[in-house]
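> The structure's right below; bear with me while I get my questions together.
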Amino acid sequence: MTSLTETVELNNGVTMPRLGLGTWLIPDDAVAAVVRTALEAGYRHLDTAQAYGNERGVGEGLRASGLARESVFVTTKLAAEAKDYASATAAIDGSLTALGLAEIDLMLIHSPEPWADWRNGEHYFAGNLEAWRALEDAQAAGKLRAIGVSNFEPVDLENLLTHGRVRPAVNQVLAHIGNWPRAVIDDDRAHGIVTEAYSPVAHGAMLNEPTIVAMAARYGVGVAQLALRFCLQKGLVPLPKSTSPAHLAANLALDFEIAPADMATLEALRFADYGQDRAFPVYSGK
Ligand SMILES: NC(=O)c1ccc[n+]([C@@H]2O[C@H](COP(=O)([O-])OP(=O)(O)OC[C@H]3O[C@@H](n4cnc5c(N)ncnc54)[C@H](OP(=O)(O)O)[C@@H]3O)[C@@H](O)[C@H]2O)c1
């Protein structure tokens, strides 16, 4: 089975393709063409967010592909700043309108903290329960097929697991060779939550890492392919982003197997220098 046809079953019975297309930093007026190219190449899972400002274009690309709506899995994310029921409910409806969809396959709380307050020690437990209730109600109303979270630490998840009605289906976190969040992944798994790997190619920062370059050459694949295959073998759902048709195609050609000893070597690697992108909260090391 290849990554194109593999799916994972979420804890509410919904199935999700094992690899998705990331769309962060692709402008709204450019993303429709990228989405269309990706869908033609075989992608069936798209990842966007309110914060990306490109939901409209993602929906346009999906419609332009001519594919049946139900054959493509669409994820978006509730703005990290929406921490009360009314604003979260309005934002969910805003995503449906922007995407031009009657139903979204998966919607995530983008972050437990608003971006301006990332990992400052305040967990926004009450606000996240408000946002979660809005997602639960939208799911019950048939607007969302599955709901989940992103950037949640075990303590943030525990809050929803203890006080929420619906168990999160997914936790989307920073996970790549060189920065592997083993404790979070283990905690997700213990609660039946699928972990998605965002920035699986380290936002581009691993492309010149000597150990990875050498190992990829040994397997006759590219660095990104090795990185994505690593995520799949670890049971995660990687969300690589590319705007290049050649890279989009390469990132689906993952029909090879990394040997156990090499998996161990890759899991032990430590690097997380995102250069000037450290300015983004998620790469700040906090
Ligand atoms: N939930 C969150 O808070 C969060 C945070 C960050 C990201 N995400 C999601 O995760 C997605 C992916 O993360 P990301 O965009 O940060 O980075 P990424 O997918 O780790 O890396 C993207 C970079 O790698 C390059 N690349 C991709 N495939 C390649 C290949 N086969 N060969 C050579 N270079 C390749 C891309 O350049 P080219 O375009 O030139 O191919 C781009 O520079 C995002 O788009 C978004 O959907 C979520």
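Lettering and numbering for the structure tokens are positional, with chains as A, B, ... in the shown order, residues counted from 1 in each chain, and ligands counted from 1 in the shown order.
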Need the shell around Val34 (chain A): protein/DNA/RNA residues with any atom at most 6 Å away, counting only C-alpha atoms. Skip same-chain ones fewer than 3 positions apart. Format as a list in words?

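Near Val34 (chain A), the qualifying residues are Val31, Thr37 and Thr243 of chain A.
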
> Write out as a ChimeraX atom specification which residues come within 9 Å of Gly192 (chain A) when counting only C-alpha atoms, dropping same-chain ones fewer than 3 positions away.

/A:10-11,167-170,187-189

> Hey, can you spit out that residue selection with N, CA and C atoms as a PDB file, in the first residue's frame?


ATOM      1  N   LEU A  10      -9.991   7.730  12.552  1.00  0.00           N
ATOM      2  CA  LEU A  10     -10.039   8.582  13.744  1.00  0.00           C
ATOM      3  C   LEU A  10     -10.940   7.942  14.804  1.00  0.00           C
ATOM      4  N   ASN A  11     -10.862   8.464  16.037  1.00  0.00           N
ATOM      5  CA  ASN A  11     -11.588   7.811  17.131  1.00  0.00           C
ATOM      6  C   ASN A  11     -13.107   7.960  17.055  1.00  0.00           C
ATOM      7  N   ARG A 167     -14.069  13.604  22.661  1.00  0.00           N
ATOM      8  CA  ARG A 167     -12.619  13.435  22.747  1.00  0.00           C
ATOM      9  C   ARG A 167     -11.969  13.972  21.464  1.00  0.00           C
ATOM     10  N   PRO A 168     -10.930  14.789  21.556  1.00  0.00           N
ATOM     11  CA  PRO A 168     -10.278  15.262  20.330  1.00  0.00           C
ATOM     12  C   PRO A 168      -9.844  14.072  19.463  1.00  0.00           C
ATOM     13  N   ALA A 169     -10.014  14.213  18.134  1.00  0.00           N
ATOM     14  CA  ALA A 169      -9.643  13.134  17.216  1.00  0.00           C
ATOM     15  C   ALA A 169      -8.176  13.230  16.823  1.00  0.00           C
ATOM     16  N   VAL A 170      -7.632  14.461  16.832  1.00  0.00           N
ATOM     17  CA  VAL A 170      -6.306  14.723  16.271  1.00  0.00           C
ATOM     18  C   VAL A 170      -5.585  15.757  17.125  1.00  0.00           C
ATOM     19  N   ASP A 187       1.520  10.442  24.627  1.00  0.00           N
ATOM     20  CA  ASP A 187       0.309  10.854  25.351  1.00  0.00           C
ATOM     21  C   ASP A 187      -0.911  10.838  24.420  1.00  0.00           C
ATOM     22  N   ASP A 188      -0.728  11.354  23.194  1.00  0.00           N
ATOM     23  CA  ASP A 188      -1.828  11.313  22.213  1.00  0.00           C
ATOM     24  C   ASP A 188      -2.281   9.863  22.011  1.00  0.00           C
ATOM     25  N   ARG A 189      -1.289   8.995  21.790  1.00  0.00           N
ATOM     26  CA  ARG A 189      -1.609   7.587  21.481  1.00  0.00           C
ATOM     27  C   ARG A 189      -2.363   6.939  22.651  1.00  0.00           C
TER      28      ARG A 189
END

> With distances taken over only C-alpha atoms and all ligand atoms, which residue among A:Pro238, A:Pro154, A:Gly66, A:Pro27 lies nearest ligand 1?

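Smallest separation from ligand 1 among the options: A:Pro238.
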
> Could you make a table, as CSV, of the residues of chain A that have an atom within 7 Å of an atom of ligand 1, each with its nearest atom pair and distance in Å to one decimal, counting only C-alpha atoms and all ligand atoms, in chain and number order?


residue,atom,partner,partner_atom_place_in_ligand_line,distance
A:Leu21,CA,ligand 1,47 (O),6.7
A:Gly22,CA,ligand 1,47 (O),3.2
A:Thr23,CA,ligand 1,45 (O),4.0
A:Trp24,CA,ligand 1,45 (O),3.7
A:Leu25,CA,ligand 1,45 (O),6.8
A:Asp47,CA,ligand 1,47 (O),4.8
A:Thr48,CA,ligand 1,47 (O),5.5
A:His110,CA,ligand 1,1 (N),5.7
A:Ser111,CA,ligand 1,3 (O),6.7
A:Ser150,CA,ligand 1,1 (N),5.3
A:Asn151,CA,ligand 1,3 (O),6.2
A:Gln172,CA,ligand 1,1 (N),5.7
A:Val173,CA,ligand 1,1 (N),6.1
A:Leu174,CA,ligand 1,5 (C),6.7
A:Tyr198,CA,ligand 1,10 (O),3.8
A:Ser199,CA,ligand 1,20 (O),3.1
A:Pro200,CA,ligand 1,20 (O),4.2
A:Val201,CA,ligand 1,20 (O),3.3
A:Ala202,CA,ligand 1,20 (O),4.2
A:His203,CA,ligand 1,17 (O),3.4
A:Gly204,CA,ligand 1,24 (O),4.0
A:Leu207,CA,ligand 1,34 (N),6.8
A:Gly222,CA,ligand 1,31 (N),6.6
A:Val223,CA,ligand 1,32 (N),6.9
A:Ala224,CA,ligand 1,31 (N),4.8
A:Gln225,CA,ligand 1,31 (N),6.3
A:Leu239,CA,ligand 1,11 (C),5.0
A:Pro240,CA,ligand 1,19 (O),3.5
A:Lys241,CA,ligand 1,19 (O),3.8
A:Ser242,CA,ligand 1,39 (O),3.4
A:Thr243,CA,ligand 1,39 (O),4.1
A:Ser244,CA,ligand 1,41 (O),4.9
A:His247,CA,ligand 1,31 (N),3.9
A:Leu248,CA,ligand 1,31 (N),6.5
A:Ala250,CA,ligand 1,31 (N),5.3
A:Asn251,CA,ligand 1,31 (N),5.3
A:Val282,CA,ligand 1,5 (C),6.4

> Have a look at A:Arg145, A:Arg44, A:Arg63, A:Arg56 and name the one nearest to Asn12 (chain A); count only C-alpha atoms.

A:Arg145

> Closest to Asp137 (chain A) among A:Leu99, A:Ala86, A:Ile185, A:Leu161, using only C-alpha atoms?

A:Ala86
